[in-house]
$ cat query_17.cif   # mmCIF, C-alpha atoms
data_model
#
loop_
_atom_site.group_PDB
_atom_site.id
_atom_site.type_symbol
_atom_site.label_atom_id
_atom_site.label_comp_id
_atom_site.auth_asym_id
_atom_site.auth_seq_id
_atom_site.Cartn_x
_atom_site.Cartn_y
_atom_site.Cartn_z
ATOM 1 C CA MET A 724 -11.264 59.700 38.156
ATOM 2 C CA THR A 725 -8.653 59.661 40.869
ATOM 3 C CA PRO A 726 -6.153 56.789 40.397
ATOM 4 C CA VAL A 727 -5.714 54.291 43.211
ATOM 5 C CA TRP A 728 -2.156 54.310 44.497
ATOM 6 C CA HIS A 729 -0.184 51.371 45.803
ATOM 7 C CA SER A 730 3.081 51.665 47.699
ATOM 8 C CA ARG A 731 6.001 49.646 46.408
ATOM 9 C CA GLY A 732 9.458 50.103 47.876
ATOM 10 C CA ARG A 733 10.107 53.791 48.337
ATOM 11 C CA GLY A 734 7.865 55.021 45.591
ATOM 12 C CA LEU A 735 4.200 55.005 44.784
ATOM 13 C CA LEU A 736 2.788 53.365 41.646
ATOM 14 C CA PRO A 737 -0.791 53.376 40.372
ATOM 15 C CA LEU A 738 -2.312 49.878 40.367
ATOM 16 C CA ARG A 739 -3.282 50.256 36.725
ATOM 17 C CA ALA A 740 0.433 50.578 35.912
ATOM 18 C CA LEU A 741 0.904 47.046 37.212
ATOM 19 C CA GLU A 742 -1.674 45.625 34.818
ATOM 20 C CA LEU A 743 -0.501 44.111 31.533
ATOM 21 C CA PRO A 744 -1.824 45.450 28.233
ATOM 22 C CA GLY A 745 -4.724 43.389 26.910
ATOM 23 C CA TRP A 746 -2.815 42.080 23.890
ATOM 24 C CA LYS A 747 -0.059 40.665 26.104
ATOM 25 C CA THR A 748 -2.572 38.859 28.297
ATOM 26 C CA ALA A 749 -4.374 37.468 25.239
ATOM 27 C CA LEU A 750 -1.112 36.334 23.643
ATOM 28 C CA SER A 751 -0.017 34.647 26.861
ATOM 29 C CA TRP A 752 -3.303 32.747 27.051
ATOM 30 C CA VAL A 753 -3.150 31.614 23.425
ATOM 31 C CA ALA A 754 0.419 30.378 23.861
ATOM 32 C CA ALA A 755 -0.476 28.630 27.124
ATOM 33 C CA LEU A 756 -3.472 26.860 25.584
ATOM 34 C CA LEU A 757 -1.411 25.632 22.636
ATOM 35 C CA VAL A 758 1.445 24.439 24.842
ATOM 36 C CA SER A 759 -0.977 22.719 27.194
ATOM 37 C CA PHE A 760 -2.619 20.849 24.329
ATOM 38 C CA LEU A 761 0.721 19.861 22.786
ATOM 39 C CA PHE A 762 1.924 18.412 26.095
ATOM 40 C CA LEU A 763 -1.255 16.938 27.538
ATOM 41 C CA LEU A 764 -2.040 14.917 24.420
ATOM 42 C CA PRO A 765 1.220 12.906 24.311
ATOM 43 C CA GLY A 766 1.559 12.926 28.098
ATOM 44 C CA LEU A 767 -1.817 11.307 28.716
ATOM 45 C CA TRP A 768 -1.214 8.854 25.874
ATOM 46 C CA MET A 769 2.060 7.687 27.444
ATOM 47 C CA ILE A 770 0.422 7.296 30.854
ATOM 48 C CA THR A 771 -2.654 5.398 29.652
ATOM 49 C CA ASP A 772 -0.856 3.251 27.060
ATOM 50 C CA ALA A 773 2.572 2.795 28.605
ATOM 51 C CA GLN A 774 3.356 -0.444 26.758
ATOM 52 C CA ASP A 775 2.839 1.157 23.348
ATOM 53 C CA ALA A 776 4.757 4.263 24.406
ATOM 54 C CA ALA A 777 7.635 2.080 25.627
ATOM 55 C CA MET A 778 7.815 0.402 22.225
ATOM 56 C CA HIS A 779 8.108 3.830 20.597
ATOM 57 C CA MET A 780 10.801 4.815 23.086
ATOM 58 C CA ALA A 781 12.817 1.741 22.071
ATOM 59 C CA GLN A 782 12.461 2.677 18.403
ATOM 60 C CA ALA A 783 13.869 6.108 19.284
ATOM 61 C CA ARG A 784 17.050 4.425 20.591
ATOM 62 C CA VAL A 785 16.135 4.489 24.274
ATOM 63 C CA PRO A 786 17.641 1.304 25.812
ATOM 64 C CA GLU A 787 14.818 -1.213 25.890
ATOM 65 C CA SER A 788 15.481 -2.042 29.536
ATOM 66 C CA LEU A 789 14.656 1.599 30.324
ATOM 67 C CA SER A 790 11.947 2.174 27.715
ATOM 68 C CA LEU A 791 8.938 1.533 29.982
ATOM 69 C CA LEU A 792 10.334 3.627 32.838
ATOM 70 C CA THR A 793 11.194 6.405 30.382
ATOM 71 C CA ALA A 794 7.702 6.355 28.878
ATOM 72 C CA MET A 795 6.040 6.564 32.298
ATOM 73 C CA ALA A 796 8.351 9.296 33.584
ATOM 74 C CA LEU A 797 8.117 11.332 30.396
ATOM 75 C CA GLY A 798 4.341 10.940 30.222
ATOM 76 C CA ALA A 799 3.903 12.110 33.811
ATOM 77 C CA THR A 800 6.277 15.055 33.337
ATOM 78 C CA GLU A 801 4.590 16.199 30.120
ATOM 79 C CA THR A 802 1.158 15.932 31.740
ATOM 80 C CA ILE A 803 2.312 17.945 34.760
ATOM 81 C CA GLY A 804 3.763 20.616 32.465
ATOM 82 C CA GLY A 805 0.565 20.742 30.403
ATOM 83 C CA VAL A 806 -1.587 21.202 33.505
ATOM 84 C CA LEU A 807 0.630 23.785 35.203
ATOM 85 C CA VAL A 808 0.933 26.011 32.153
ATOM 86 C CA LEU A 809 -2.846 26.113 31.884
ATOM 87 C CA VAL A 810 -3.379 27.570 35.372
ATOM 88 C CA PRO A 811 -2.417 31.285 35.619
ATOM 89 C CA ARG A 812 -0.905 31.069 39.105
ATOM 90 C CA PHE A 813 1.229 28.052 38.056
ATOM 91 C CA ARG A 814 1.898 29.154 34.481
ATOM 92 C CA ARG A 815 5.473 30.297 34.944
ATOM 93 C CA TRP A 816 6.434 26.970 36.504
ATOM 94 C CA GLY A 817 4.689 25.121 33.685
ATOM 95 C CA ALA A 818 6.452 27.245 31.074
ATOM 96 C CA ILE A 819 9.839 26.514 32.658
ATOM 97 C CA LEU A 820 9.124 22.769 32.783
ATOM 98 C CA THR A 821 7.845 22.504 29.198
ATOM 99 C CA SER A 822 10.714 24.657 27.907
ATOM 100 C CA ALA A 823 13.225 22.393 29.649
ATOM 101 C CA LEU A 824 11.592 19.301 28.147
ATOM 102 C CA LEU A 825 11.704 20.781 24.649
ATOM 103 C CA LEU A 826 15.369 21.652 25.058
ATOM 104 C CA VAL A 827 16.080 18.066 26.135
ATOM 105 C CA PHE A 828 14.174 16.750 23.095
ATOM 106 C CA LEU A 829 16.076 19.030 20.728
ATOM 107 C CA ILE A 830 19.452 18.069 22.173
ATOM 108 C CA TYR A 831 18.626 14.342 22.200
ATOM 109 C CA PHE A 832 17.466 14.229 18.598
ATOM 110 C CA ALA A 833 20.357 16.429 17.482
ATOM 111 C CA LEU A 834 22.852 14.020 19.051
ATOM 112 C CA ASN A 835 21.099 11.025 17.457
ATOM 113 C CA TYR A 836 20.187 12.732 14.191
ATOM 114 C CA HIS A 837 22.220 10.495 11.876
ATOM 115 C CA ALA A 838 20.789 7.321 13.432
ATOM 116 C CA LEU A 839 17.192 8.581 13.532
ATOM 117 C CA ARG A 840 17.080 10.675 10.366
ATOM 118 C CA GLY A 841 13.867 9.970 8.484
ATOM 119 C CA ALA A 842 12.454 7.788 11.289
ATOM 120 C CA GLU A 843 9.200 8.528 13.054
ATOM 121 C CA CYS A 844 9.824 10.525 16.210
ATOM 122 C CA ASN A 845 6.675 9.016 17.831
ATOM 123 C CA CYS A 846 6.144 12.173 19.867
ATOM 124 C CA PHE A 847 2.386 12.330 19.391
ATOM 125 C CA PRO A 848 -0.172 9.510 19.187
ATOM 126 C CA TRP A 849 -1.816 9.168 15.768
ATOM 127 C CA VAL A 850 0.435 11.879 14.295
ATOM 128 C CA LYS A 851 3.459 10.881 12.250
ATOM 129 C CA ARG A 852 6.453 13.209 12.487
ATOM 130 C CA ALA A 853 9.683 12.267 10.798
ATOM 131 C CA VAL A 854 13.054 13.344 12.169
ATOM 132 C CA THR A 855 14.069 15.899 9.528
ATOM 133 C CA PRO A 856 15.263 19.523 9.651
ATOM 134 C CA ALA A 857 11.570 20.502 9.800
ATOM 135 C CA PHE A 858 11.270 18.539 13.040
ATOM 136 C CA PHE A 859 13.726 20.891 14.763
ATOM 137 C CA ALA A 860 11.912 23.926 13.394
ATOM 138 C CA GLU A 861 8.597 22.619 14.759
ATOM 139 C CA ASP A 862 10.043 21.929 18.201
ATOM 140 C CA GLY A 863 11.743 25.321 18.115
ATOM 141 C CA LEU A 864 8.335 26.898 17.468
ATOM 142 C CA MET A 865 6.869 24.999 20.431
ATOM 143 C CA LEU A 866 9.768 26.227 22.563
ATOM 144 C CA GLY A 867 8.953 29.784 21.523
ATOM 145 C CA LEU A 868 5.323 29.272 22.552
ATOM 146 C CA ALA A 869 6.387 27.939 25.948
ATOM 147 C CA VAL A 870 8.632 30.957 26.521
ATOM 148 C CA LEU A 871 5.841 33.282 25.393
ATOM 149 C CA ALA A 872 3.371 31.625 27.773
ATOM 150 C CA GLY A 873 5.647 32.287 30.741
ATOM 151 C CA LEU A 874 7.062 35.640 29.675
ATOM 152 C CA TRP A 875 4.134 37.758 30.841
ATOM 153 C CA SER A 876 2.730 35.358 33.411
ATOM 154 C CA ARG A 877 2.213 36.536 36.949
ATOM 155 C CA LYS A 878 4.446 35.537 39.829
ATOM 156 C CA PRO A 879 3.824 31.888 40.791
ATOM 157 C CA GLU A 880 1.601 31.356 43.806
ATOM 158 C CA SER A 881 0.430 28.534 46.056
ATOM 159 C CA PRO A 882 3.267 25.991 45.757
ATOM 160 C CA ARG A 883 1.288 23.672 48.015
ATOM 161 C CA SER A 884 -1.498 23.487 45.435
ATOM 162 C CA ALA A 885 1.049 22.847 42.692
ATOM 163 C CA VAL A 886 2.477 19.939 44.689
ATOM 164 C CA MET A 887 -1.058 18.517 44.964
ATOM 165 C CA VAL A 888 -1.420 18.711 41.183
ATOM 166 C CA VAL A 889 1.885 16.874 40.730
ATOM 167 C CA GLY A 890 0.829 14.226 43.239
ATOM 168 C CA ALA A 891 -2.525 13.706 41.514
ATOM 169 C CA VAL A 892 -0.834 13.164 38.147
ATOM 170 C CA LEU A 893 1.654 10.692 39.636
ATOM 171 C CA VAL A 894 -1.129 8.707 41.317
ATOM 172 C CA PHE A 895 -3.075 8.637 38.052
ATOM 173 C CA ALA A 896 0.028 7.390 36.226
ATOM 174 C CA LEU A 897 0.615 4.581 38.728
ATOM 175 C CA VAL A 898 -3.027 3.478 38.668
ATOM 176 C CA SER A 899 -3.055 3.490 34.847
ATOM 177 C CA TYR A 900 0.107 1.403 34.765
ATOM 178 C CA GLY A 901 -1.386 -1.092 37.218
ATOM 179 C CA VAL A 902 -4.535 -1.461 35.144
ATOM 180 C CA ASP A 903 -2.483 -1.871 31.964
ATOM 181 C CA ALA A 904 -0.200 -4.477 33.533
ATOM 182 C CA THR A 905 -3.161 -6.483 34.819
ATOM 183 C CA ARG A 906 -4.805 -6.399 31.405
ATOM 184 C CA LEU A 907 -1.773 -8.030 29.816
ATOM 185 C CA THR A 908 -1.977 -11.316 31.724
ATOM 186 C CA GLY A 909 -4.341 -14.268 31.637
ATOM 187 C CA ILE A 910 -6.141 -13.395 28.403
ATOM 188 C CA ARG A 911 -7.823 -16.350 26.705
ATOM 189 C CA ALA A 912 -6.639 -16.954 23.152
ATOM 190 C CA PRO A 913 -9.001 -17.652 20.230
ATOM 191 C CA ASP A 914 -9.700 -21.374 19.866
ATOM 192 C CA THR A 915 -8.215 -21.582 16.378
ATOM 193 C CA ILE A 916 -6.577 -19.357 13.810
ATOM 194 C CA SER A 917 -5.548 -19.909 10.221
ATOM 195 C CA VAL A 918 -1.904 -20.949 9.788
ATOM 196 C CA ASP A 919 -0.627 -21.661 6.284
ATOM 197 C CA ALA A 920 -4.277 -21.670 5.125
ATOM 198 C CA ARG A 921 -5.282 -24.418 7.605
ATOM 199 C CA PRO A 922 -6.986 -24.332 11.038
ATOM 200 C CA TYR A 923 -4.482 -24.166 13.882
ATOM 201 C CA SER A 924 -5.388 -24.663 17.553
ATOM 202 C CA LEU A 925 -4.074 -22.246 20.164
ATOM 203 C CA GLN A 926 -5.475 -24.256 23.054
ATOM 204 C CA ARG A 927 -2.793 -26.906 23.460
ATOM 205 C CA GLY A 928 0.817 -26.647 24.623
ATOM 206 C CA LYS A 929 3.212 -23.710 24.543
ATOM 207 C CA ILE A 930 2.911 -21.259 21.653
ATOM 208 C CA PHE A 931 4.832 -18.055 21.087
ATOM 209 C CA ILE A 932 3.095 -15.566 18.775
ATOM 210 C CA PHE A 933 5.444 -13.043 17.188
ATOM 211 C CA PHE A 934 3.973 -9.891 15.624
ATOM 212 C CA PHE A 935 6.348 -8.250 13.151
ATOM 213 C CA ASP A 936 6.744 -6.090 10.056
ATOM 214 C CA PRO A 937 8.929 -7.710 7.375
ATOM 215 C CA MET A 938 10.453 -4.294 6.629
ATOM 216 C CA CYS A 939 11.232 -3.453 10.279
ATOM 217 C CA ALA A 940 14.968 -3.619 11.065
ATOM 218 C CA HIS A 941 14.257 -3.976 14.789
ATOM 219 C CA CYS A 942 11.963 -6.941 14.043
ATOM 220 C CA PHE A 943 14.635 -8.453 11.780
ATOM 221 C CA ASP A 944 17.309 -8.275 14.482
ATOM 222 C CA ALA A 945 14.914 -9.702 17.067
ATOM 223 C CA ALA A 946 13.929 -12.617 14.815
ATOM 224 C CA ARG A 947 17.536 -13.385 13.987
ATOM 225 C CA ARG A 948 18.396 -13.602 17.696
ATOM 226 C CA MET A 949 15.305 -15.694 18.452
ATOM 227 C CA ALA A 950 16.348 -18.117 15.706
ATOM 228 C CA GLN A 951 19.234 -19.113 17.997
ATOM 229 C CA TYR A 952 16.948 -20.046 20.908
ATOM 230 C CA ARG A 953 16.349 -23.671 21.822
ATOM 231 C CA TRP A 954 12.573 -23.727 21.629
ATOM 232 C CA GLY A 955 12.061 -27.368 22.572
ATOM 233 C CA ASP A 956 8.343 -28.186 22.357
ATOM 234 C CA THR A 957 7.313 -24.529 22.054
ATOM 235 C CA LYS A 958 5.719 -23.675 18.719
ATOM 236 C CA VAL A 959 6.322 -20.299 17.110
ATOM 237 C CA VAL A 960 3.669 -18.530 15.043
ATOM 238 C CA ALA A 961 4.748 -15.436 13.106
ATOM 239 C CA VAL A 962 2.066 -12.830 12.379
ATOM 240 C CA PRO A 963 2.934 -10.113 9.829
ATOM 241 C CA VAL A 964 1.359 -6.802 10.774
ATOM 242 C CA GLU A 965 2.055 -5.223 7.389
ATOM 243 C CA GLN A 966 3.138 -6.458 3.952
ATOM 244 C CA PRO A 967 2.372 -10.169 4.551
ATOM 245 C CA GLN A 968 3.666 -11.034 1.055
ATOM 246 C CA TYR A 969 7.215 -10.700 2.410
ATOM 247 C CA ALA A 970 6.689 -12.802 5.555
ATOM 248 C CA SER A 971 8.200 -16.001 4.103
ATOM 249 C CA GLN A 972 11.265 -14.143 2.846
ATOM 250 C CA PHE A 973 11.656 -12.509 6.281
ATOM 251 C CA LEU A 974 11.678 -15.881 8.045
ATOM 252 C CA ALA A 975 14.069 -17.381 5.504
ATOM 253 C CA GLU A 976 16.551 -14.527 5.885
ATOM 254 C CA THR A 977 16.401 -14.448 9.696
ATOM 255 C CA GLY A 978 16.410 -18.227 10.090
ATOM 256 C CA LEU A 979 13.476 -18.181 12.511
ATOM 257 C CA ALA A 980 11.555 -21.448 12.263
ATOM 258 C CA ALA A 981 7.905 -20.432 12.507
ATOM 259 C CA ALA A 982 4.527 -20.982 10.939
ATOM 260 C CA ILE A 983 2.828 -17.958 9.383
ATOM 261 C CA SER A 984 -0.648 -16.683 10.226
ATOM 262 C CA ASN A 985 -2.323 -13.758 8.508
ATOM 263 C CA ASP A 986 -5.060 -13.457 11.150
ATOM 264 C CA PHE A 987 -3.592 -10.232 12.473
ATOM 265 C CA GLY A 988 -6.954 -8.514 12.969
ATOM 266 C CA GLU A 989 -8.347 -11.231 15.237
ATOM 267 C CA LEU A 990 -5.131 -11.652 17.234
ATOM 268 C CA LYS A 991 -4.683 -7.907 17.613
ATOM 269 C CA LEU A 992 -8.059 -7.581 19.299
ATOM 270 C CA ALA A 993 -7.508 -10.643 21.465
ATOM 271 C CA PHE A 994 -4.140 -9.660 22.926
ATOM 272 C CA GLY A 995 -4.185 -5.850 22.979
ATOM 273 C CA TYR A 996 -1.419 -5.563 20.376
ATOM 274 C CA THR A 997 0.440 -2.267 20.718
ATOM 275 C CA GLY A 998 3.140 -2.201 18.047
ATOM 276 C CA TYR A 999 5.793 -4.360 16.441
ATOM 277 C CA PRO A 1000 7.839 -6.186 17.479
ATOM 278 C CA PHE A 1001 5.404 -7.706 19.941
ATOM 279 C CA GLY A 1002 5.121 -11.204 21.373
ATOM 280 C CA VAL A 1003 2.605 -13.256 23.300
ATOM 281 C CA ALA A 1004 3.512 -16.407 25.231
ATOM 282 C CA LEU A 1005 0.549 -18.822 25.397
ATOM 283 C CA GLN A 1006 0.172 -21.971 27.445
ATOM 284 C CA ASN A 1007 -2.881 -24.150 26.907
ATOM 285 C CA GLY A 1008 -4.810 -21.267 25.407
ATOM 286 C CA ARG A 1009 -4.029 -18.684 28.102
ATOM 287 C CA GLU A 1010 -1.633 -15.778 27.897
ATOM 288 C CA LYS A 1011 1.317 -16.182 30.253
ATOM 289 C CA ALA A 1012 3.003 -12.915 29.289
ATOM 290 C CA ALA A 1013 3.002 -10.158 26.694
ATOM 291 C CA LEU A 1014 6.494 -9.238 25.533
ATOM 292 C CA ILE A 1015 7.421 -5.814 24.225
ATOM 293 C CA LYS A 1016 11.166 -5.880 24.894
ATOM 294 C CA PHE A 1017 13.317 -7.285 22.100
ATOM 295 C CA GLU A 1018 16.768 -6.023 22.976
ATOM 296 C CA ASP A 1019 19.803 -7.257 24.892
ATOM 297 C CA GLN A 1020 18.706 -10.325 26.910
ATOM 298 C CA GLU A 1021 15.035 -9.974 26.010
ATOM 299 C CA PRO A 1022 12.764 -11.675 25.146
ATOM 300 C CA GLY A 1023 15.051 -14.636 25.883
ATOM 301 C CA ALA A 1024 15.299 -13.994 29.624
ATOM 302 C CA THR A 1025 11.526 -13.825 30.053
ATOM 303 C CA LEU A 1026 10.861 -16.809 27.784
ATOM 304 C CA LYS A 1027 13.420 -18.878 29.688
ATOM 305 C CA GLN A 1028 11.872 -17.902 33.007
ATOM 306 C CA LEU A 1029 8.467 -18.977 31.684
ATOM 307 C CA GLY A 1030 9.890 -22.289 30.469
ATOM 308 C CA PHE A 1031 9.291 -21.513 26.777
ATOM 309 C CA ILE A 1032 12.949 -21.944 25.787
ATOM 310 C CA HIS A 1033 15.870 -23.896 27.233
#

$ encode --input "query_17.cif" --output "structure tokens"
Amino acid sequence: MTPVWHSRGRGLLPLRALELPGWKTALSWVAALLVSFLFLLPGLWMITDAQDAAMHMAQARVPESLSLLTAMALGATETIGGVLVLVPRFRRWGAILTSALLLVFLIYFALNYHALRGAECNCFPWVKRAVTPAFFAEDGLMLGLAVLAGLWSRKPESPRSAVMVVGAVLVFALVSYGVDATRLTGIRAPDTISVDARPYSLQRGKIFIFFFDPMCAHCFDAARRMAQYRWGDTKVVAVPVEQPQYASQFLAETGLAAAISNDFGELKLAFGYTGYPFGVALQNGREKAALIKFEDQEPGATLKQLGFIH
């Protein structure tokens, strides 16, 4: 069979010479599918549950004032990378973006290794990954997959279509954030809960519900700062998320004057609890605000604005 010739520059090359071997194409697809999955999963989680993602960002030493913005930006960027690497004509761009993100992650965790060693990296929803030497090996493997996905990809095409993909992801992120923000206001509290083994009404006055883990250092620091607030007529109810047997000791050591409720399951469902530390400001049985920031001036600034502290 006579080969079909294609002119390129000054010479002539057969078109078949421009085709990649089958094993290279297959390997590129496998790498792209894995990278896409590894980026779309956390990216979509951060976009659709920004409040929870922001809490995890704060635990990873991102300044709490920037945690929500970081979660949204990172979620959108990871989602864009996961989509681009999946489409052959955008794959090289997606591989470059995901590789850059992985390099940033590796550098960030390397610089903060001593502070975060042994802590959960919170990179993936429902998957616990501790910051250990194995963490860097795993991210290094993902970086290798990203490079492999782009190595034999074809020249990028249709930048206009790629911009449309980016725009669609950004719109989706903004809409998800709006829905999430709306959901966190105006929720009706349960009529009563059990506090110190007795019925306790949530329908009267100002009540601040504080979700915490007695073994959480971030929760401990937050409670110790809140113990200095002038609460006035606001009542504080502390709800241990884990290890409730240590709740009394936690309050004694932090100095936070609060009643203890073990009705975590009911309150979690009522207020869309995302992760500790977490607070809910109630007034006459209705949620005024959900608080996820417990660093610097927060939650004091928000509570003061709401009239919950003086």

$ atom_distance --input "query_17.cif" --atom1 "atom CA of A:Met795" --atom2 "atom CA of A:Leu824"
14.5 Å

$ resolve_selection --input "query_17.cif" --expression "the PyMOL selection byres ((chain A and resi 929) around 7)" --output "list in words"
Arg927, Gly928, Ile930, Phe931, Thr957, Lys958, Leu1005, Gln1006, Asn1007 and Phe1031 of chain A

$ resolve_selection --input "query_17.cif" --expression "the PyMOL selection byres ((chain A and resi 853) around 12)" --output "ChimeraX atom specification"
/A:783,832,836,839-847,850-852,854-859,861

$ atom_distance --input "query_17.cif" --atom1 "atom CA of A:Phe935" --atom2 "atom CA of A:Asp903"
21.7 Å

$ atom_distance --input "query_17.cif" --atom1 "atom CA of A:Ala781" --atom2 "atom CA of A:Arg911"
27.8 Å

$ axis_aligned_box --input "query_17.cif" --around "stretch 850-862 of chain A" --padding-each-side "8 Å" --output "lines of an AutoDock Vina configuration file"
center_x = 7.8
center_y = 17.4
center_z = 13.9
size_x = 30.8
size_y = 29.0
size_z = 24.7

$ resolve_selection --input "query_17.cif" --expression "the PyMOL selection byres ((chain A and resi 753) around 12)" --output "NGL selection string"
:A and (746-752 or 754-760 or 808-809 or 868-869 or 871-873)

$ residues_around --input "query_17.cif" --residues "A:Glu989" --least-positions-apart "5" --cutoff "9 Å" --atoms "all atoms listed in the file" --output "mmCIF file with C-alpha atoms, in the frame of the given file"
data_model
loop_
_atom_site.group_PDB
_atom_site.id
_atom_site.type_symbol
_atom_site.label_atom_id
_atom_site.label_comp_id
_atom_site.auth_asym_id
_atom_site.auth_seq_id
_atom_site.Cartn_x
_atom_site.Cartn_y
_atom_site.Cartn_z
ATOM 1 C CA PRO A 913 -9.001 -17.652 20.230
ATOM 2 C CA ILE A 916 -6.577 -19.357 13.810
ATOM 3 C CA PHE A 994 -4.140 -9.660 22.926
#

$ closest_residue --input "query_17.cif" --among "A:Leu893, A:Leu791, A:Ala981, A:Leu834" --to "A:Pro963" --atoms "all atoms listed in the file"
A:Ala981

$ residues_near_point --input "query_17.cif" --point "(9.4, -1.8, 16.2)" --cutoff "6 Å" --atoms "only C-alpha atoms" --output "list in words"
Gln782, His941, Tyr999 and Pro1000 of chain A

$ residues_around --input "query_17.cif" --residues "A:Ala1024" --least-positions-apart "5" --cutoff "12 Å" --atoms "all atoms listed in the file" --output "PyMOL selection string"
chain A and resi 788+949+952+1014+1016-1019+1029-1033

$ closest_residue --input "query_17.cif" --among "A:Leu866, A:Ala860, A:Leu792, A:Ala982" --to "A:Ala823" --atoms "only C-alpha atoms"
A:Leu866

$ closest_residue --input "query_17.cif" --among "A:Arg948, A:His837, A:Lys878, A:Arg921" --to "A:Arg814" --atoms "only C-alpha atoms"
A:Lys878

$ closest_residue --input "query_17.cif" --among "A:Tyr969, A:Val964, A:Phe813, A:Gly863" --to "A:Ile830" --atoms "all atoms listed in the file"
A:Gly863
